[in-house]
file model-v6.csv (CSV, C-alpha atoms and all ligand atoms)
chain,number,residue,atom,x,y,z
A,1257,MET,CA,-9.5,15.7,6.9
A,1258,LEU,CA,-9.0,14.5,3.4
A,1259,LYS,CA,-12.6,15.2,2.4
A,1260,GLU,CA,-12.0,18.9,3.0
A,1261,LEU,CA,-9.1,19.1,0.5
A,1262,THR,CA,-9.5,20.6,-2.9
A,1263,VAL,CA,-9.3,18.2,-5.8
A,1264,ALA,CA,-5.8,19.4,-6.6
A,1265,GLY,CA,-4.9,19.1,-2.9
A,1266,PHE,CA,-6.2,15.6,-2.6
A,1267,VAL,CA,-4.3,14.4,-5.7
A,1268,ALA,CA,-1.1,16.0,-4.4
A,1269,GLU,CA,-1.5,14.4,-1.0
A,1270,THR,CA,-2.0,11.1,-2.7
A,1271,SER,CA,1.3,11.4,-4.7
A,1272,SER,CA,3.3,12.6,-1.7
A,1273,ASP,CA,5.4,10.2,0.4
A,1274,SER,CA,3.0,10.5,3.3
A,1275,PRO,CA,1.4,7.1,4.0
A,1276,ALA,CA,-2.2,8.2,3.4
A,1277,PRO,CA,-4.3,8.5,1.3
A,1278,GLY,CA,-3.6,5.3,-0.6
A,1279,GLY,CA,-5.6,3.0,-2.8
A,1280,GLY,CA,-8.2,2.4,-0.2
A,1281,SER,CA,-9.2,6.1,0.0
A,1282,VAL,CA,-9.0,6.5,-3.7
A,1283,SER,CA,-11.4,3.5,-4.1
A,1284,ALA,CA,-13.8,5.2,-1.6
A,1285,LEU,CA,-13.6,8.4,-3.7
A,1286,ALA,CA,-14.5,6.4,-6.8
A,1287,ALA,CA,-17.6,5.1,-5.0
A,1288,ALA,CA,-18.5,8.7,-4.1
A,1289,GLN,CA,-18.0,9.7,-7.7
A,1290,ALA,CA,-20.1,6.8,-8.9
A,1291,ALA,CA,-23.0,7.8,-6.6
A,1292,ALA,CA,-22.6,11.4,-7.6
A,1293,LEU,CA,-22.8,10.7,-11.3
A,1294,LEU,CA,-25.8,8.6,-10.9
A,1295,GLY,CA,-27.4,11.2,-8.7
A,1296,MET,CA,-26.6,13.8,-11.3
A,1297,VAL,CA,-28.5,11.9,-14.0
A,1298,ALA,CA,-31.4,11.5,-11.6
A,1299,ASN,CA,-31.4,15.3,-11.1
A,1300,LEU,CA,-31.1,16.0,-14.8
A,1301,THR,CA,-34.1,13.8,-15.3
A,1302,VAL,CA,-36.1,15.7,-12.7
A,1303,LYS,CA,-35.1,19.0,-14.4
A,1304,SER,CA,-36.3,18.0,-17.8
A,1305,LYS,CA,-39.9,18.5,-18.9
A,1306,LYS,CA,-39.6,15.6,-21.3
A,1307,TYR,CA,-39.3,13.2,-18.3
A,1308,GLU,CA,-42.2,14.6,-16.3
A,1309,ALA,CA,-43.8,11.1,-16.0
A,1310,VAL,CA,-40.8,9.9,-13.8
A,1311,HIS,CA,-40.1,13.1,-11.9
A,1312,GLU,CA,-41.3,11.8,-8.6
A,1313,GLU,CA,-39.4,8.5,-8.9
A,1314,MET,CA,-36.2,10.2,-10.0
A,1315,GLN,CA,-36.5,12.8,-7.1
A,1316,LYS,CA,-36.5,9.8,-4.7
A,1317,TYR,CA,-33.5,8.3,-6.4
A,1318,ALA,CA,-31.6,11.6,-6.3
A,1319,GLU,CA,-32.2,11.8,-2.5
A,1320,GLU,CA,-31.1,8.2,-1.8
A,1321,LEU,CA,-28.0,8.6,-4.0
A,1322,LYS,CA,-27.1,11.8,-2.2
A,1323,GLU,CA,-27.1,9.9,1.1
A,1324,LEU,CA,-24.8,7.2,-0.4
A,1325,GLU,CA,-22.5,9.9,-1.9
A,1326,LEU,CA,-22.1,11.6,1.5
A,1327,ASP,CA,-21.4,8.3,3.2
A,1328,PHE,CA,-18.7,7.3,0.6
A,1329,VAL,CA,-17.1,10.8,1.1
A,1330,GLU,CA,-16.8,9.9,4.8
A,1331,ASP,CA,-15.2,6.6,3.8
A,1332,ILE,CA,-12.3,8.4,2.2
A,1333,ASP,CA,-11.2,9.4,5.6
A,1334,ARG,CA,-12.4,6.3,7.3
A,1335,ASP,CA,-10.1,4.2,5.1
A,1336,SER,CA,-7.0,6.3,5.6
A,1337,ASN,CA,-7.6,6.4,9.4
A,1338,SER,CA,-8.0,2.6,9.5
A,1339,PHE,CA,-4.7,2.0,7.8
A,1340,ASN,CA,-3.0,4.6,9.9
A,1341,GLY,CA,-4.2,2.5,12.8
A,1342,VAL,CA,-2.3,-0.5,11.5
A,1343,MET,CA,0.9,1.5,11.1
A,1344,ALA,CA,0.5,3.0,14.6
A,1345,ALA,CA,0.1,-0.4,16.1
A,1346,PHE,CA,3.4,-1.5,14.6
A,1347,LYS,CA,5.1,1.4,16.4
A,1348,LEU,CA,3.9,0.2,19.9
A,1349,PRO,CA,6.7,-0.7,22.3
A,1350,LYS,CA,8.0,-4.3,22.2
A,1351,GLU,CA,10.5,-4.5,25.1
A,1352,THR,CA,8.7,-6.7,27.6
A,1353,ASP,CA,6.7,-9.8,27.0
A,1354,GLU,CA,3.6,-8.0,28.1
A,1355,GLU,CA,4.3,-5.2,25.6
A,1356,LYS,CA,4.9,-7.7,22.9
A,1357,ALA,CA,1.6,-9.5,23.6
A,1358,ILE,CA,-0.4,-6.2,23.6
A,1359,ARG,CA,1.3,-5.1,20.4
A,1360,THR,CA,0.6,-8.4,18.6
A,1361,LYS,CA,-3.1,-8.3,19.7
A,1362,THR,CA,-3.5,-4.6,18.7
A,1363,ILE,CA,-1.9,-5.2,15.3
A,1364,GLN,CA,-4.4,-8.0,14.7
A,1365,GLU,CA,-7.4,-5.8,15.8
A,1366,GLU,CA,-6.2,-2.9,13.6
A,1367,TYR,CA,-5.7,-5.1,10.6
A,1368,LYS,CA,-9.3,-6.4,11.0
A,1369,LYS,CA,-10.6,-2.8,11.1
A,1370,ALA,CA,-8.5,-1.9,8.1
A,1371,ALA,CA,-10.0,-4.9,6.2
A,1372,ASN,CA,-13.5,-4.1,7.4
A,1373,VAL,CA,-13.6,-0.5,6.2
A,1374,PRO,CA,-12.9,-1.3,2.5
A,1375,LEU,CA,-15.0,-4.5,2.8
A,1376,GLN,CA,-18.0,-2.3,3.7
A,1377,VAL,CA,-17.1,0.3,1.0
A,1378,GLY,CA,-17.2,-2.5,-1.6
A,1379,LEU,CA,-20.4,-4.0,-0.3
A,1380,LYS,CA,-22.2,-0.7,0.0
A,1381,THR,CA,-21.2,0.2,-3.6
A,1382,LEU,CA,-23.4,-2.7,-4.8
A,1383,LYS,CA,-26.4,-0.6,-3.7
A,1384,LEU,CA,-25.7,1.6,-6.7
A,1385,LEU,CA,-26.2,-1.2,-9.2
A,1386,ASP,CA,-30.0,-1.0,-9.2
A,1387,TYR,CA,-30.0,2.7,-9.7
A,1388,ALA,CA,-27.8,2.4,-12.8
A,1389,GLY,CA,-30.1,0.0,-14.5
A,1390,VAL,CA,-33.2,2.2,-13.9
A,1391,LEU,CA,-31.4,5.4,-15.0
A,1392,ILE,CA,-30.4,3.8,-18.3
A,1393,GLU,CA,-34.0,2.7,-18.8
A,1394,LYS,CA,-35.9,5.8,-17.7
A,1395,GLY,CA,-33.3,8.5,-17.1
A,1396,ASN,CA,-32.3,11.6,-19.2
A,1397,SER,CA,-30.8,10.0,-22.3
A,1398,ASN,CA,-28.5,13.0,-22.9
A,1399,ALA,CA,-26.5,11.8,-19.8
A,1400,ILE,CA,-26.1,8.2,-20.8
A,1401,THR,CA,-22.3,8.4,-20.8
A,1402,ASP,CA,-22.5,9.8,-17.2
A,1403,VAL,CA,-24.2,6.6,-16.1
A,1404,GLY,CA,-21.4,4.8,-18.0
A,1405,VAL,CA,-18.6,6.7,-16.2
A,1406,GLY,CA,-20.5,6.1,-13.0
A,1407,LEU,CA,-20.5,2.4,-13.7
A,1408,LEU,CA,-16.7,2.4,-14.4
A,1409,ASN,CA,-16.1,4.2,-11.1
A,1410,LEU,CA,-18.4,1.7,-9.4
A,1411,LYS,CA,-16.4,-1.3,-10.7
A,1412,LEU,CA,-13.1,0.4,-9.7
A,1413,ALA,CA,-14.5,1.2,-6.3
A,1414,VAL,CA,-15.4,-2.5,-5.6
A,1415,ARG,CA,-12.4,-4.1,-7.0
A,1416,GLY,CA,-10.0,-1.5,-5.6
A,1417,ALA,CA,-11.6,-1.6,-2.1
A,1418,PHE,CA,-11.3,-5.4,-2.2
A,1419,TYR,CA,-7.6,-5.3,-3.2
A,1420,ASN,CA,-7.1,-3.5,0.1
A,1421,VAL,CA,-9.2,-6.0,2.0
A,1422,LYS,CA,-7.2,-8.9,0.5
A,1423,ILE,CA,-3.8,-7.5,1.2
A,1424,ASN,CA,-4.8,-7.0,4.9
A,1425,LEU,CA,-6.3,-10.5,5.1
A,1426,GLY,CA,-2.8,-11.8,4.4
A,1427,SER,CA,-1.8,-10.5,7.9
A,1428,ILE,CA,-4.9,-11.7,9.8
A,1429,LYS,CA,-4.6,-14.9,11.7
A,1430,ASP,CA,-8.3,-15.4,12.5
A,1431,GLU,CA,-9.1,-18.0,9.9
A,1432,ALA,CA,-12.9,-17.8,10.3
A,1433,PHE,CA,-12.7,-14.0,9.8
A,1434,VAL,CA,-10.6,-14.5,6.6
A,1435,ALA,CA,-12.8,-17.2,5.1
A,1436,ASP,CA,-16.0,-15.3,5.8
A,1437,THR,CA,-14.6,-12.0,4.4
A,1438,LYS,CA,-13.4,-13.8,1.2
A,1439,LYS,CA,-16.8,-15.4,0.7
A,1440,GLN,CA,-18.5,-12.0,0.9
A,1441,MET,CA,-16.1,-10.5,-1.6
A,1442,ALA,CA,-16.4,-13.3,-4.1
A,1443,GLU,CA,-20.2,-13.0,-4.1
A,1444,ALA,CA,-20.1,-9.3,-4.4
A,1445,LEU,CA,-17.6,-9.3,-7.3
A,1446,GLU,CA,-19.6,-11.9,-9.2
A,1447,LYS,CA,-22.8,-9.7,-8.8
A,1448,VAL,CA,-21.0,-6.6,-9.9
A,1449,GLU,CA,-19.6,-8.2,-13.1
A,1450,ALA,CA,-23.0,-9.8,-13.9
A,1451,VAL,CA,-24.9,-6.6,-13.6
A,1452,THR,CA,-22.4,-4.1,-15.0
A,1453,ALA,CA,-21.3,-6.0,-18.1
A,1454,PRO,CA,-24.6,-5.8,-20.0
A,1455,LEU,CA,-25.3,-2.2,-18.8
A,1456,LEU,CA,-21.9,-1.0,-20.2
A,1457,GLU,CA,-22.5,-3.0,-23.4
A,1458,LYS,CA,-25.8,-1.2,-23.8
A,1459,ILE,CA,-24.3,2.2,-23.2
A,1460,GLU,CA,-21.4,1.6,-25.5
A,1461,ALA,CA,-23.7,0.4,-28.3
A,1462,GLU,CA,-25.7,3.6,-27.9
A,1463,ILE,CA,-22.7,5.8,-28.5
A,1464,GLU,CA,-21.1,3.8,-31.3
B,1,LIG,N1,-7.8,-0.1,4.3
B,1,LIG,C1,-6.6,0.0,3.7
B,1,LIG,N2,-6.3,1.1,3.0
B,1,LIG,C2,-5.1,1.3,2.4
B,1,LIG,O1,-4.9,2.3,1.7
B,1,LIG,C3,-4.1,0.2,2.5
B,1,LIG,C4,-4.5,-0.9,3.2
B,1,LIG,N3,-5.7,-1.0,3.8
B,1,LIG,N4,-3.7,-2.0,3.2
B,1,LIG,C5,-2.4,-1.9,2.6
B,1,LIG,C6,-2.2,-0.9,1.6
B,1,LIG,C7,-0.8,-0.5,1.4
B,1,LIG,N5,-0.7,0.9,1.9
B,1,LIG,C8,0.4,1.5,2.3
B,1,LIG,C9,0.5,2.8,2.7
B,1,LIG,C10,1.6,3.4,3.2
B,1,LIG,C11,2.8,2.7,3.3
B,1,LIG,C12,4.0,3.4,3.9
B,1,LIG,O2,4.0,4.6,4.1
B,1,LIG,N6,5.0,2.6,4.3
B,1,LIG,C13,6.3,3.1,4.8
B,1,LIG,C14,6.4,3.0,6.3
B,1,LIG,C15,5.6,4.0,7.0
B,1,LIG,C16,5.8,4.0,8.5
B,1,LIG,O3,6.3,3.1,9.0
B,1,LIG,O4,5.4,5.0,9.1
B,1,LIG,C17,7.4,2.3,4.1
B,1,LIG,O5,7.1,1.3,3.6
B,1,LIG,O6,8.5,2.8,4.1
B,1,LIG,C18,2.8,1.4,3.0
B,1,LIG,C19,1.6,0.8,2.4
B,1,LIG,C20,-2.0,1.3,2.2
B,1,LIG,N7,-2.9,0.3,2.0
call {"tool": "encode", "arguments": {"input": "model-v6.csv", "output": "C-alpha cells"}}
result
Amino acid sequence: MLKELTVAGFVAETSSDSPAPGGGSVSALAAAQAAALLGMVANLTVKSKKYEAVHEEMQKYAEELKELELDFVEDIDRDSNSFNGVMAAFKLPKETDEEKAIRTKTIQEEYKKAANVPLQVGLKTLKLLDYAGVLIEKGNSNAITDVGVGLLNLKLAVRGAFYNVKINLGSIKDEAFVADTKKQMAEALEKVEAVTAPLLEKIEAEIE
C-alpha cells in the first residue's frame, strides 16, 4: 500500500516508470497535507495558554480534521487502485464478440470509478475551507504560514484531482454522467477560488 511507504519511498515510487502513483494520488496526498497542517494549527492553539478561550472549539476542529486527514490518506491508494482498474480493463481479452462487449463495458465502468475517486477527493477537500477561515481568525498566530501552506495544498488538491477527473471524462460515453460531473467540478472550483483568494491575501499581508 502506498500509504505505508516512507516519504522518500513514495516520491521514488512516483518518479519510477510504474504506472502508479500518478497525479491523482499526489493530489490526494496534497489534500491529506492540507488537513494535517490545519489540524496542526488547531493543536498548537489548544497547546497554548494564550488561546485558552478557544481551547474547546479548537480541540473539536483538531478531531474533525484528523478524521479528514486519515480519509485523504486512504484516497492516495484509492486513486491509484482506481486507475489501475482502467488499465486492467484494457488488458481484457478481445477475441470474440462477447469478449469485446464485456471489455468495452468494463472499460466504461472502470473509467467512471477512476473519475469518481478524484471527484470525491476534490469535493471533500472543500470541507477544509471553513476550518482555514476560523484558524486564521482565532488560531495560534505563530502558525499563520502553516494555514497558508495548508491552503496552497488545498488548492492543488482540488485542481489536481479535477484534472484527473476531466481526462477520464474524455473517455466516458455516458453524457449525463459527464455533464453532471462537470457541473459539480465547476461549482466546487468557483467556491475554492472565492474562499481561498482573500484568505491567502490576508496571510500574505501579515508576513510582508
Ligand atoms: N483517477 C486517476 N488517477 C490517475 O492518476 C490518472 C487518472 N485517473 N487518469 C489518467 C491519468 C494518467 N495516468 C497514467 C498513468 C500511467 C500510465 C502508463 O503507465 N502508461 C503506459 C501503459 C501501461 C500499461 O499498459 O500497463 C504507457 O503509456 O506506456 C499512463 C497514464 C494516470 N492518471
call {"tool": "closest_residue", "arguments": {"input": "model-v6.csv", "among": "A:Ile1363, A:Leu1379, A:Ala1444, A:Leu1408", "to": "A:Lys1429", "atoms": "only C-alpha atoms"}}
result
A:Ile1363
call {"tool": "residues_near_ligand", "arguments": {"input": "model-v6.csv", "ligand": "ligand LIG 1 (chain B)", "cutoff": "8 Å", "atoms": "all atoms listed in the file", "output": "PyMOL selection string"}}
result
chain A and resi 1273-1282+1335-1336+1338-1339+1343-1344+1346-1347+1367+1369-1374+1417+1420-1421+1423-1424
call {"tool": "closest_residue", "arguments": {"input": "model-v6.csv", "among": "A:Ile1392, A:Ile1400, A:Leu1445, A:Lys1350", "to": "A:Gly1378", "atoms": "all atoms listed in the file"}}
result
A:Leu1445
call {"tool": "closest_residue", "arguments": {"input": "model-v6.csv", "among": "A:Asn1396, A:Thr1301, A:Gln1440, A:Thr1360", "to": "A:Lys1380", "atoms": "only C-alpha atoms"}}
result
A:Gln1440
call {"tool": "atom_distance", "arguments": {"input": "model-v6.csv", "atom1": "atom CA of A:Ala1345", "atom2": "atom CA of A:Ser1427"}}
result
13.1 Å
call {"tool": "closest_residue", "arguments": {"input": "model-v6.csv", "among": "A:Ala1292, A:Met1441, A:Val1310, A:Ala1435", "to": "A:Gly1416", "atoms": "all atoms listed in the file"}}
result
A:Met1441
call {"tool": "atom_distance", "arguments": {"input": "model-v6.csv", "atom1": "atom CA of A:His1311", "atom2": "atom CA of A:Gly1389"}}
result
16.7 Å
call {"tool": "atom_distance", "arguments": {"input": "model-v6.csv", "atom1": "atom CA of A:Ser1283", "atom2": "atom CA of A:Glu1365"}}
result
22.3 Å
call {"tool": "residues_around", "arguments": {"input": "model-v6.csv", "residues": "A:Val1329", "least_positions_apart": "6", "cutoff": "7 Å", "atoms": "all atoms listed in the file", "output": "PyMOL selection string"}}
result
chain A and resi 1259+1285+1288
call {"tool": "closest_residue", "arguments": {"input": "model-v6.csv", "among": "A:Ala1450, A:Thr1381, A:Asp1333, A:Glu1443", "to": "A:Leu1261", "atoms": "only C-alpha atoms"}}
result
A:Asp1333
call {"tool": "closest_residue", "arguments": {"input": "model-v6.csv", "among": "A:Gly1265, A:Pro1454, A:Gly1395, A:Gly1426", "to": "A:Lys1303", "atoms": "only C-alpha atoms"}}
result
A:Gly1395
call {"tool": "residues_around", "arguments": {"input": "model-v6.csv", "residues": "A:Glu1393", "least_positions_apart": "5", "cutoff": "12 Å", "atoms": "all atoms listed in the file", "output": "mmCIF file with C-alpha atoms, keeping the file's coordinate frame"}}
result
data_model
loop_
_atom_site.group_PDB
_atom_site.id
_atom_site.type_symbol
_atom_site.label_atom_id
_atom_site.label_comp_id
_atom_site.auth_asym_id
_atom_site.auth_seq_id
_atom_site.Cartn_x
_atom_site.Cartn_y
_atom_site.Cartn_z
ATOM 1 C CA VAL A 1297 -28.500 11.900 -14.000
ATOM 2 C CA ALA A 1298 -31.400 11.500 -11.600
ATOM 3 C CA THR A 1301 -34.100 13.800 -15.300
ATOM 4 C CA TYR A 1307 -39.300 13.200 -18.300
ATOM 5 C CA VAL A 1310 -40.800 9.900 -13.800
ATOM 6 C CA MET A 1314 -36.200 10.200 -10.000
ATOM 7 C CA ASP A 1386 -30.000 -1.000 -9.200
ATOM 8 C CA TYR A 1387 -30.000 2.700 -9.700
ATOM 9 C CA ALA A 1388 -27.800 2.400 -12.800
ATOM 10 C CA ALA A 1399 -26.500 11.800 -19.800
ATOM 11 C CA ILE A 1400 -26.100 8.200 -20.800
ATOM 12 C CA VAL A 1403 -24.200 6.600 -16.100
ATOM 13 C CA LEU A 1455 -25.300 -2.200 -18.800
ATOM 14 C CA LYS A 1458 -25.800 -1.200 -23.800
ATOM 15 C CA ILE A 1459 -24.300 2.200 -23.200
#
